[in-house]
file run.txt (compact mmCIF, N, CA and C atoms)
# COMPACT_ATOMS: atom_id res chain seq x y z
N MET A 270 0.85 -1.18 0.00
CA MET A 270 0.00 0.00 0.00
C MET A 270 0.89 1.24 0.00
N LYS A 271 0.59 2.20 -0.84
CA LYS A 271 1.36 3.43 -0.92
C LYS A 271 1.10 4.30 0.30
N TRP A 272 2.03 5.22 0.57
CA TRP A 272 1.91 6.09 1.73
C TRP A 272 0.60 6.87 1.70
N PHE A 273 0.19 7.32 0.50
CA PHE A 273 -1.03 8.11 0.38
C PHE A 273 -2.24 7.30 0.84
N GLU A 274 -2.32 6.08 0.39
CA GLU A 274 -3.44 5.22 0.77
C GLU A 274 -3.39 4.90 2.26
N GLN A 275 -2.18 4.70 2.77
CA GLN A 275 -2.03 4.45 4.22
C GLN A 275 -2.48 5.68 5.01
N ALA A 276 -2.13 6.86 4.52
CA ALA A 276 -2.52 8.10 5.22
C ALA A 276 -4.04 8.28 5.20
N ARG A 277 -4.65 8.04 4.05
CA ARG A 277 -6.12 8.15 3.96
C ARG A 277 -6.80 7.15 4.89
N ALA A 278 -6.28 5.92 4.93
CA ALA A 278 -6.86 4.90 5.80
C ALA A 278 -6.71 5.32 7.27
N ALA A 279 -5.55 5.83 7.63
CA ALA A 279 -5.34 6.29 9.01
C ALA A 279 -6.27 7.45 9.33
N GLU A 280 -6.44 8.35 8.39
CA GLU A 280 -7.34 9.49 8.59
C GLU A 280 -8.78 9.01 8.79
N GLN A 281 -9.21 8.05 7.99
CA GLN A 281 -10.57 7.55 8.09
C GLN A 281 -10.84 6.89 9.45
N ARG A 282 -9.81 6.23 10.00
CA ARG A 282 -10.02 5.58 11.29
C ARG A 282 -9.63 6.51 12.46
N ARG A 283 -9.33 7.76 12.11
CA ARG A 283 -8.98 8.80 13.08
C ARG A 283 -7.72 8.47 13.88
N ASP A 284 -6.81 7.81 13.22
CA ASP A 284 -5.49 7.55 13.80
C ASP A 284 -4.61 8.74 13.40
N TRP A 285 -4.81 9.82 14.14
CA TRP A 285 -4.18 11.09 13.77
C TRP A 285 -2.65 11.01 13.77
N ASP A 286 -2.08 10.32 14.73
CA ASP A 286 -0.62 10.23 14.79
C ASP A 286 -0.06 9.60 13.52
N ALA A 287 -0.65 8.51 13.10
CA ALA A 287 -0.17 7.83 11.89
C ALA A 287 -0.41 8.69 10.65
N ALA A 288 -1.58 9.26 10.52
CA ALA A 288 -1.90 10.08 9.35
C ALA A 288 -0.97 11.29 9.27
N ILE A 289 -0.77 11.95 10.40
CA ILE A 289 0.09 13.14 10.42
C ILE A 289 1.52 12.77 10.07
N ALA A 290 2.01 11.68 10.62
CA ALA A 290 3.39 11.26 10.33
C ALA A 290 3.57 10.95 8.85
N LEU A 291 2.62 10.24 8.26
CA LEU A 291 2.72 9.89 6.85
C LEU A 291 2.65 11.12 5.95
N VAL A 292 1.70 11.99 6.21
CA VAL A 292 1.51 13.16 5.35
C VAL A 292 2.64 14.16 5.52
N SER A 293 3.07 14.40 6.74
CA SER A 293 4.11 15.41 6.97
C SER A 293 5.42 15.06 6.28
N ALA A 294 5.68 13.77 6.10
CA ALA A 294 6.90 13.34 5.42
C ALA A 294 6.89 13.70 3.94
N HIS A 295 5.72 14.04 3.41
CA HIS A 295 5.59 14.35 1.98
C HIS A 295 5.03 15.76 1.77
N ALA A 296 5.19 16.61 2.78
CA ALA A 296 4.60 17.95 2.74
C ALA A 296 5.69 19.02 2.75
N GLU A 297 5.41 20.09 2.01
CA GLU A 297 6.33 21.22 2.00
C GLU A 297 5.55 22.49 1.67
N CYS A 298 5.65 23.45 2.57
CA CYS A 298 4.97 24.72 2.37
C CYS A 298 5.60 25.45 1.18
N TYR A 299 4.75 25.97 0.31
CA TYR A 299 5.19 26.72 -0.87
C TYR A 299 6.18 25.96 -1.74
N SER A 300 6.00 24.68 -1.82
CA SER A 300 6.86 23.85 -2.67
C SER A 300 6.58 24.15 -4.14
N THR A 301 7.60 23.99 -4.97
CA THR A 301 7.38 24.10 -6.41
C THR A 301 6.65 22.87 -6.94
N ASP A 302 6.64 21.81 -6.14
CA ASP A 302 5.88 20.60 -6.46
C ASP A 302 4.47 20.77 -5.87
N PRO A 303 3.46 20.93 -6.72
CA PRO A 303 2.11 21.17 -6.21
C PRO A 303 1.59 20.06 -5.28
N ASN A 304 2.04 18.83 -5.48
CA ASN A 304 1.60 17.74 -4.61
C ASN A 304 2.14 17.92 -3.20
N ARG A 305 3.38 18.34 -3.09
CA ARG A 305 3.98 18.55 -1.76
C ARG A 305 3.29 19.73 -1.06
N HIS A 306 2.92 20.74 -1.83
CA HIS A 306 2.20 21.87 -1.23
C HIS A 306 0.80 21.44 -0.79
N ASP A 307 0.11 20.69 -1.63
CA ASP A 307 -1.21 20.17 -1.24
C ASP A 307 -1.11 19.30 0.01
N ASN A 308 -0.05 18.52 0.09
CA ASN A 308 0.16 17.68 1.27
C ASN A 308 0.40 18.54 2.51
N HIS A 309 1.04 19.68 2.32
CA HIS A 309 1.24 20.61 3.44
C HIS A 309 -0.12 21.10 3.96
N LEU A 310 -1.00 21.46 3.06
CA LEU A 310 -2.34 21.91 3.47
C LEU A 310 -3.10 20.78 4.15
N TRP A 311 -2.96 19.58 3.64
CA TRP A 311 -3.58 18.39 4.24
C TRP A 311 -3.01 18.19 5.64
N HIS A 312 -1.71 18.35 5.78
CA HIS A 312 -1.05 18.22 7.09
C HIS A 312 -1.64 19.22 8.09
N MET A 313 -1.81 20.48 7.67
CA MET A 313 -2.38 21.49 8.58
C MET A 313 -3.81 21.12 8.96
N ASN A 314 -4.56 20.59 8.00
CA ASN A 314 -5.93 20.16 8.26
C ASN A 314 -5.96 19.00 9.25
N LEU A 315 -5.04 18.05 9.09
CA LEU A 315 -4.97 16.92 10.02
C LEU A 315 -4.63 17.39 11.44
N LEU A 316 -3.71 18.33 11.55
CA LEU A 316 -3.37 18.87 12.87
C LEU A 316 -4.60 19.50 13.53
N ALA A 317 -5.38 20.22 12.74
CA ALA A 317 -6.60 20.84 13.28
C ALA A 317 -7.62 19.78 13.69
N ARG A 318 -7.82 18.78 12.84
CA ARG A 318 -8.79 17.74 13.16
C ARG A 318 -8.36 16.94 14.39
N ALA A 319 -7.05 16.82 14.59
CA ALA A 319 -6.52 16.12 15.76
C ALA A 319 -6.53 17.03 17.00
N GLU A 320 -6.95 18.28 16.79
CA GLU A 320 -6.98 19.30 17.85
C GLU A 320 -5.61 19.52 18.47
N ARG A 321 -4.61 19.48 17.65
CA ARG A 321 -3.24 19.77 18.08
C ARG A 321 -2.99 21.27 17.93
N PHE A 322 -3.74 22.02 18.70
CA PHE A 322 -3.66 23.47 18.60
C PHE A 322 -2.30 24.00 19.02
N TRP A 323 -1.65 23.33 19.96
CA TRP A 323 -0.32 23.76 20.39
C TRP A 323 0.66 23.68 19.22
N GLU A 324 0.54 22.63 18.39
CA GLU A 324 1.44 22.48 17.25
C GLU A 324 1.11 23.49 16.16
N LEU A 325 -0.17 23.69 15.91
CA LEU A 325 -0.56 24.71 14.94
C LEU A 325 -0.11 26.09 15.40
N THR A 326 -0.24 26.36 16.70
CA THR A 326 0.17 27.65 17.24
C THR A 326 1.66 27.87 17.04
N GLU A 327 2.44 26.85 17.29
CA GLU A 327 3.89 26.95 17.11
C GLU A 327 4.22 27.18 15.64
N ARG A 328 3.58 26.43 14.76
CA ARG A 328 3.83 26.57 13.32
C ARG A 328 3.32 27.91 12.79
N ALA A 329 2.26 28.43 13.42
CA ALA A 329 1.65 29.67 12.96
C ALA A 329 2.59 30.87 13.06
N LEU A 330 3.64 30.74 13.84
CA LEU A 330 4.60 31.83 13.97
C LEU A 330 5.30 32.11 12.64
N THR A 331 5.46 31.09 11.80
CA THR A 331 6.18 31.26 10.54
C THR A 331 5.42 30.74 9.32
N ASP A 332 4.26 30.12 9.53
CA ASP A 332 3.54 29.45 8.44
C ASP A 332 2.13 30.02 8.34
N VAL A 333 1.87 30.74 7.26
CA VAL A 333 0.56 31.37 7.08
C VAL A 333 -0.55 30.34 7.00
N HIS A 334 -0.27 29.17 6.44
CA HIS A 334 -1.31 28.14 6.34
C HIS A 334 -1.68 27.60 7.71
N ALA A 335 -0.71 27.43 8.57
CA ALA A 335 -0.98 26.98 9.94
C ALA A 335 -1.79 28.04 10.68
N ARG A 336 -1.43 29.29 10.48
CA ARG A 336 -2.14 30.39 11.15
C ARG A 336 -3.60 30.44 10.70
N ARG A 337 -3.82 30.34 9.41
CA ARG A 337 -5.21 30.37 8.90
C ARG A 337 -6.01 29.18 9.42
N ARG A 338 -5.40 27.99 9.38
CA ARG A 338 -6.12 26.79 9.81
C ARG A 338 -6.40 26.84 11.30
N LEU A 339 -5.45 27.36 12.07
CA LEU A 339 -5.65 27.50 13.51
C LEU A 339 -6.82 28.44 13.80
N ASN A 340 -6.82 29.61 13.18
CA ASN A 340 -7.89 30.58 13.43
C ASN A 340 -9.24 30.04 13.00
N THR A 341 -9.29 29.35 11.88
CA THR A 341 -10.54 28.75 11.42
C THR A 341 -11.03 27.70 12.42
N SER A 342 -10.12 26.87 12.88
CA SER A 342 -10.49 25.82 13.84
C SER A 342 -10.99 26.41 15.15
N LEU A 343 -10.33 27.43 15.63
CA LEU A 343 -10.75 28.07 16.88
C LEU A 343 -12.14 28.67 16.71
N ARG A 344 -12.39 29.28 15.57
CA ARG A 344 -13.72 29.85 15.30
C ARG A 344 -14.78 28.76 15.23
N GLU A 345 -14.48 27.67 14.51
CA GLU A 345 -15.44 26.58 14.36
C GLU A 345 -15.79 25.96 15.70
N ARG A 346 -14.86 26.00 16.63
CA ARG A 346 -15.08 25.40 17.95
C ARG A 346 -15.57 26.43 18.97
N GLY A 347 -15.78 27.66 18.53
CA GLY A 347 -16.30 28.70 19.42
C GLY A 347 -15.32 29.12 20.51
N MET A 348 -14.04 29.02 20.22
CA MET A 348 -13.01 29.30 21.22
C MET A 348 -12.66 30.79 21.21
N GLU A 349 -13.61 31.56 21.73
CA GLU A 349 -13.52 33.02 21.72
C GLU A 349 -12.28 33.54 22.44
N ALA A 350 -11.99 33.01 23.62
CA ALA A 350 -10.85 33.51 24.40
C ALA A 350 -9.53 33.31 23.66
N ALA A 351 -9.36 32.16 23.03
CA ALA A 351 -8.12 31.89 22.29
C ALA A 351 -7.99 32.85 21.11
N LEU A 352 -9.08 33.09 20.40
CA LEU A 352 -9.04 34.03 19.28
C LEU A 352 -8.76 35.44 19.78
N ARG A 353 -9.37 35.81 20.88
CA ARG A 353 -9.15 37.14 21.44
C ARG A 353 -7.68 37.33 21.80
N ASN A 354 -7.07 36.33 22.42
CA ASN A 354 -5.66 36.43 22.78
C ASN A 354 -4.78 36.56 21.54
N ARG A 355 -5.10 35.79 20.52
CA ARG A 355 -4.31 35.87 19.28
C ARG A 355 -4.50 37.24 18.62
N ALA A 356 -5.72 37.74 18.64
CA ALA A 356 -5.99 39.06 18.06
C ALA A 356 -5.26 40.16 18.85
N LYS A 357 -5.24 40.04 20.16
CA LYS A 357 -4.51 41.01 20.99
C LYS A 357 -3.03 41.01 20.68
N ASP A 358 -2.51 39.84 20.27
CA ASP A 358 -1.09 39.72 19.93
C ASP A 358 -0.80 40.20 18.50
N GLY A 359 -1.84 40.70 17.82
CA GLY A 359 -1.64 41.29 16.50
C GLY A 359 -2.00 40.42 15.31
N ASP A 360 -2.58 39.26 15.53
CA ASP A 360 -2.98 38.38 14.43
C ASP A 360 -4.29 38.89 13.84
N ARG A 361 -4.22 39.52 12.68
CA ARG A 361 -5.41 40.09 12.04
C ARG A 361 -6.41 39.00 11.66
N GLY A 362 -5.92 37.86 11.22
CA GLY A 362 -6.82 36.76 10.88
C GLY A 362 -7.63 36.30 12.09
N ALA A 363 -7.00 36.30 13.25
CA ALA A 363 -7.70 35.94 14.49
C ALA A 363 -8.75 37.00 14.82
N LEU A 364 -8.43 38.26 14.59
CA LEU A 364 -9.41 39.33 14.82
C LEU A 364 -10.64 39.11 13.95
N TYR A 365 -10.42 38.83 12.67
CA TYR A 365 -11.55 38.63 11.75
C TYR A 365 -12.35 37.39 12.14
N ALA A 366 -11.68 36.33 12.54
CA ALA A 366 -12.38 35.12 12.96
C ALA A 366 -13.19 35.38 14.23
N LEU A 367 -12.61 36.14 15.16
CA LEU A 367 -13.31 36.49 16.41
C LEU A 367 -14.54 37.33 16.11
N VAL A 368 -14.39 38.33 15.27
CA VAL A 368 -15.53 39.20 14.93
C VAL A 368 -16.64 38.39 14.27
N ARG A 369 -16.27 37.51 13.34
CA ARG A 369 -17.29 36.65 12.70
C ARG A 369 -17.98 35.75 13.72
N LEU A 370 -17.20 35.15 14.59
CA LEU A 370 -17.77 34.28 15.62
C LEU A 370 -18.78 35.04 16.48
N LEU A 371 -18.40 36.21 16.91
CA LEU A 371 -19.30 37.01 17.75
C LEU A 371 -20.56 37.40 16.99
N CYS A 372 -20.40 37.83 15.76
CA CYS A 372 -21.56 38.21 14.96
C CYS A 372 -22.48 37.02 14.69
N GLU A 373 -21.88 35.88 14.37
CA GLU A 373 -22.68 34.68 14.07
C GLU A 373 -23.41 34.14 15.29
N THR A 374 -22.95 34.53 16.47
CA THR A 374 -23.61 34.07 17.70
C THR A 374 -24.41 35.20 18.34
N SER A 375 -24.87 36.12 17.49
CA SER A 375 -25.75 37.24 17.90
C SER A 375 -25.12 38.12 18.97
N GLN A 376 -23.82 38.31 18.88
CA GLN A 376 -23.12 39.20 19.80
C GLN A 376 -22.50 40.36 19.00
N THR A 377 -23.32 40.97 18.16
CA THR A 377 -22.83 42.01 17.27
C THR A 377 -22.29 43.21 18.04
N HIS A 378 -22.94 43.55 19.15
CA HIS A 378 -22.45 44.68 19.95
C HIS A 378 -21.05 44.37 20.49
N GLU A 379 -20.85 43.16 20.97
CA GLU A 379 -19.54 42.74 21.47
C GLU A 379 -18.52 42.75 20.33
N ALA A 380 -18.92 42.31 19.14
CA ALA A 380 -18.03 42.31 17.98
C ALA A 380 -17.59 43.73 17.65
N HIS A 381 -18.54 44.65 17.69
CA HIS A 381 -18.21 46.06 17.43
C HIS A 381 -17.21 46.57 18.46
N GLN A 382 -17.40 46.19 19.71
CA GLN A 382 -16.48 46.62 20.77
C GLN A 382 -15.08 46.04 20.57
N VAL A 383 -15.02 44.79 20.15
CA VAL A 383 -13.73 44.16 19.88
C VAL A 383 -13.00 44.91 18.77
N VAL A 384 -13.73 45.28 17.72
CA VAL A 384 -13.11 46.04 16.63
C VAL A 384 -12.61 47.39 17.15
N GLN A 385 -13.41 48.05 17.98
CA GLN A 385 -12.99 49.34 18.53
C GLN A 385 -11.74 49.19 19.40
N ASP A 386 -11.67 48.10 20.15
CA ASP A 386 -10.54 47.88 21.06
C ASP A 386 -9.28 47.40 20.34
N LEU A 387 -9.44 46.49 19.40
CA LEU A 387 -8.29 45.82 18.81
C LEU A 387 -7.94 46.24 17.39
N GLY A 388 -8.89 46.86 16.70
CA GLY A 388 -8.61 47.26 15.32
C GLY A 388 -9.46 48.44 14.89
N PRO A 389 -9.38 49.53 15.63
CA PRO A 389 -10.27 50.66 15.32
C PRO A 389 -10.09 51.22 13.90
N ASP A 390 -8.92 51.06 13.32
CA ASP A 390 -8.67 51.56 11.97
C ASP A 390 -8.73 50.46 10.91
N ASP A 391 -9.11 49.27 11.30
CA ASP A 391 -9.15 48.14 10.38
C ASP A 391 -10.51 48.13 9.66
N GLN A 392 -10.49 48.61 8.42
CA GLN A 392 -11.73 48.74 7.66
C GLN A 392 -12.40 47.38 7.40
N TYR A 393 -11.61 46.35 7.18
CA TYR A 393 -12.19 45.04 6.91
C TYR A 393 -12.95 44.53 8.14
N ALA A 394 -12.39 44.71 9.32
CA ALA A 394 -13.08 44.29 10.55
C ALA A 394 -14.40 45.04 10.69
N HIS A 395 -14.39 46.33 10.36
CA HIS A 395 -15.64 47.12 10.41
C HIS A 395 -16.64 46.60 9.39
N GLN A 396 -16.16 46.20 8.21
CA GLN A 396 -17.06 45.66 7.19
C GLN A 396 -17.71 44.35 7.63
N ILE A 397 -16.96 43.53 8.33
CA ILE A 397 -17.54 42.26 8.82
C ILE A 397 -18.70 42.57 9.76
N VAL A 398 -18.49 43.48 10.70
CA VAL A 398 -19.55 43.84 11.65
C VAL A 398 -20.74 44.42 10.89
N ALA A 399 -20.47 45.29 9.94
CA ALA A 399 -21.54 45.96 9.20
C ALA A 399 -22.43 44.95 8.47
N ARG A 400 -21.85 43.86 7.98
CA ARG A 400 -22.64 42.84 7.27
C ARG A 400 -23.68 42.19 8.18
N PHE A 401 -23.42 42.21 9.47
CA PHE A 401 -24.34 41.57 10.41
C PHE A 401 -25.31 42.56 11.06
N GLN A 402 -25.14 43.84 10.76
CA GLN A 402 -26.04 44.85 11.32
C GLN A 402 -27.39 44.77 10.60
N PRO A 403 -28.47 44.89 11.34
CA PRO A 403 -29.77 44.92 10.66
C PRO A 403 -29.88 46.19 9.83
N PRO A 404 -30.53 46.10 8.68
CA PRO A 404 -30.68 47.30 7.85
C PRO A 404 -31.49 48.34 8.60
N SER A 405 -31.06 49.59 8.46
CA SER A 405 -31.81 50.66 9.14
C SER A 405 -33.09 50.93 8.38
N SER A 406 -34.09 51.20 9.13
CA SER A 406 -35.41 51.44 8.55
C SER A 406 -35.52 52.90 8.19
N GLY A 407 -35.76 53.20 6.93
CA GLY A 407 -35.90 54.57 6.48
C GLY A 407 -37.35 55.04 6.55
N ALA A 408 -38.27 54.13 6.71
CA ALA A 408 -39.70 54.49 6.77
C ALA A 408 -40.08 54.94 8.17
N GLN A 409 -40.93 55.96 8.19
CA GLN A 409 -41.43 56.44 9.48
C GLN A 409 -42.91 56.61 9.43
call {"tool": "encode", "arguments": {"input": "run.txt", "output": "structure tokens"}}
result
Amino acid sequence: MKWFEQARAAEQRRDWDAAIALVSAHAECYSTDPNRHDNHLWHMNLLARAERFWELTERALTDVHARRRLNTSLRERGMEAALRNRAKDGDRGALYALVRLLCETSQTHEAHQVVQDLGPDDQYAHQIVARFQPPSSGAQ
């Protein structure tokens, strides 16, 4: 059985250690070989599915794909405090994920406050909040 098939089988049975080991051996961020780059993205996805947030956090210091996958995973799991800490440390992607999470959970006022506190000049963060604002009624 080829490594790819072994990795898929390990992933299907949720044997994260085996899947991660197999895929990481064939992964390279920004590789000129598109397969190695795809494997890198798969590796980041496996780390998230295995909830190895500590490893993603460590990799996120130098790897944009790890940072994106980490922030997405934290948002999907509703981990507001972790996103807030990352946003406070200057991670713009974490700020956007936090604002979306707050808006999606009907905490638009809190999302607006987060933008004011952590990114008052960040137009994209303001746009995210604005998308969740109810339209103002012009009729009287």
call {"tool": "atom_distance", "arguments": {"input": "run.txt", "atom1": "atom CA of A:Thr374", "atom2": "atom CA of A:Glu345"}}
result
11.6 Å
call {"tool": "residues_near_point", "arguments": {"input": "run.txt", "point": "(0.3, 7.3, 9.8)", "cutoff": "9 Å", "atoms": "only C-alpha atoms", "output": "ChimeraX atom specification"}}
result
/A:272,275-280,284-292
call {"tool": "closest_residue", "arguments": {"input": "run.txt", "among": "A:Gln402, A:Ser293, A:Ser342, A:Gln281", "to": "A:Ala380", "atoms": "only C-alpha atoms"}}
result
A:Gln402
call {"tool": "residues_around", "arguments": {"input": "run.txt", "residues": "stretch 317-323 of chain A", "least_positions_apart": "4", "cutoff": "6.5 Å", "atoms": "all atoms listed in the file", "output": "list of chain:residue names"}}
result
A:Trp285, A:His312, A:Met313, A:Glu327, A:Arg328, A:Arg338, A:Ser342
call {"tool": "select_by_dssp", "arguments": {"input": "run.txt", "residues": "chain A", "states": "helix (DSSP H, G or I)", "output": "PyMOL selection string"}}
result
chain A and resi 272-281+285-293+303-318+322-329+333-345+349-357+361-373+377-387+392-401
call {"tool": "closest_residue", "arguments": {"input": "run.txt", "among": "A:Glu274, A:Ala366, A:Ala335, A:Glu379", "to": "A:Tyr393", "atoms": "only C-alpha atoms"}}
result
A:Ala366
call {"tool": "residues_around", "arguments": {"input": "run.txt", "residues": "stretch 349-357 of chain A", "least_positions_apart": "4", "cutoff": "6.5 Å", "atoms": "only N, CA and C atoms", "output": "list in words"}}
result
Leu343, Arg361, Ala363, Leu364, Leu367 and Leu387 of chain A
call {"tool": "atom_distance", "arguments": {"input": "run.txt", "atom1": "atom CA of A:Asn314", "atom2": "atom CA of A:Arg337"}}
result
10.3 Å
call {"tool": "residues_around", "arguments": {"input": "run.txt", "residues": "A:His395", "least_positions_apart": "3", "cutoff": "8 Å", "atoms": "only C-alpha atoms", "output": "short mmCIF file (atom, residue, chain, number, x, y, z; two decimals) with N, CA and C atoms, in the coordinates of the input"}}
result
data_model
loop_
_atom_site.label_atom_id
_atom_site.label_comp_id
_atom_site.auth_asym_id
_atom_site.auth_seq_id
_atom_site.Cartn_x
_atom_site.Cartn_y
_atom_site.Cartn_z
N HIS A 381 -18.54 44.65 17.69
CA HIS A 381 -18.21 46.06 17.43
C HIS A 381 -17.21 46.57 18.46
N VAL A 384 -13.73 45.28 17.72
CA VAL A 384 -13.11 46.04 16.63
C VAL A 384 -12.61 47.39 17.15
N ASP A 391 -9.11 49.27 11.30
CA ASP A 391 -9.15 48.14 10.38
C ASP A 391 -10.51 48.13 9.66
N GLN A 392 -10.49 48.61 8.42
CA GLN A 392 -11.73 48.74 7.66
C GLN A 392 -12.40 47.38 7.40
N VAL A 398 -18.49 43.48 10.70
CA VAL A 398 -19.55 43.84 11.65
C VAL A 398 -20.74 44.42 10.89
N ALA A 399 -20.47 45.29 9.94
CA ALA A 399 -21.54 45.96 9.20
C ALA A 399 -22.43 44.95 8.47
#
call {"tool": "atom_distance", "arguments": {"input": "run.txt", "atom1": "atom CA of A:Glu373", "atom2": "atom CA of A:Arg336"}}
result
21.2 Å
call {"tool": "build_atoms", "arguments": {"input": "run.txt", "residues": "stretch 391-402 of chain A", "atoms": "N, CA, C and O atoms", "output": "short mmCIF file (atom, residue, chain, number, x, y, z; two decimals), in the coordinates of the input"}}
result
data_model
loop_
_atom_site.label_atom_id
_atom_site.label_comp_id
_atom_site.auth_asym_id
_atom_site.auth_seq_id
_atom_site.Cartn_x
_atom_site.Cartn_y
_atom_site.Cartn_z
N ASP A 391 -9.11 49.27 11.30
CA ASP A 391 -9.15 48.14 10.38
C ASP A 391 -10.51 48.13 9.66
O ASP A 391 -11.52 47.69 10.21
N GLN A 392 -10.49 48.61 8.42
CA GLN A 392 -11.73 48.74 7.66
C GLN A 392 -12.40 47.38 7.40
O GLN A 392 -13.62 47.29 7.41
N TYR A 393 -11.61 46.35 7.18
CA TYR A 393 -12.19 45.04 6.91
C TYR A 393 -12.95 44.53 8.14
O TYR A 393 -14.05 43.99 8.01
N ALA A 394 -12.39 44.71 9.32
CA ALA A 394 -13.08 44.29 10.55
C ALA A 394 -14.40 45.04 10.69
O ALA A 394 -15.42 44.45 11.05
N HIS A 395 -14.39 46.33 10.36
CA HIS A 395 -15.64 47.12 10.41
C HIS A 395 -16.64 46.60 9.39
O HIS A 395 -17.85 46.55 9.67
N GLN A 396 -16.16 46.20 8.21
CA GLN A 396 -17.06 45.66 7.19
C GLN A 396 -17.71 44.35 7.63
O GLN A 396 -18.90 44.13 7.35
N ILE A 397 -16.96 43.53 8.33
CA ILE A 397 -17.54 42.26 8.82
C ILE A 397 -18.70 42.57 9.76
O ILE A 397 -19.79 41.99 9.64
N VAL A 398 -18.49 43.48 10.70
CA VAL A 398 -19.55 43.84 11.65
C VAL A 398 -20.74 44.42 10.89
O VAL A 398 -21.89 44.08 11.17
N ALA A 399 -20.47 45.29 9.94
CA ALA A 399 -21.54 45.96 9.20
C ALA A 399 -22.43 44.95 8.47
O ALA A 399 -23.65 45.16 8.37
N ARG A 400 -21.85 43.86 7.98
CA ARG A 400 -22.64 42.84 7.27
C ARG A 400 -23.68 42.19 8.18
O ARG A 400 -24.68 41.66 7.71
N PHE A 401 -23.42 42.21 9.47
CA PHE A 401 -24.34 41.57 10.41
C PHE A 401 -25.31 42.56 11.06
O PHE A 401 -26.18 42.16 11.82
N GLN A 402 -25.14 43.84 10.76
CA GLN A 402 -26.04 44.85 11.32
C GLN A 402 -27.39 44.77 10.60
O GLN A 402 -27.42 44.62 9.38
#
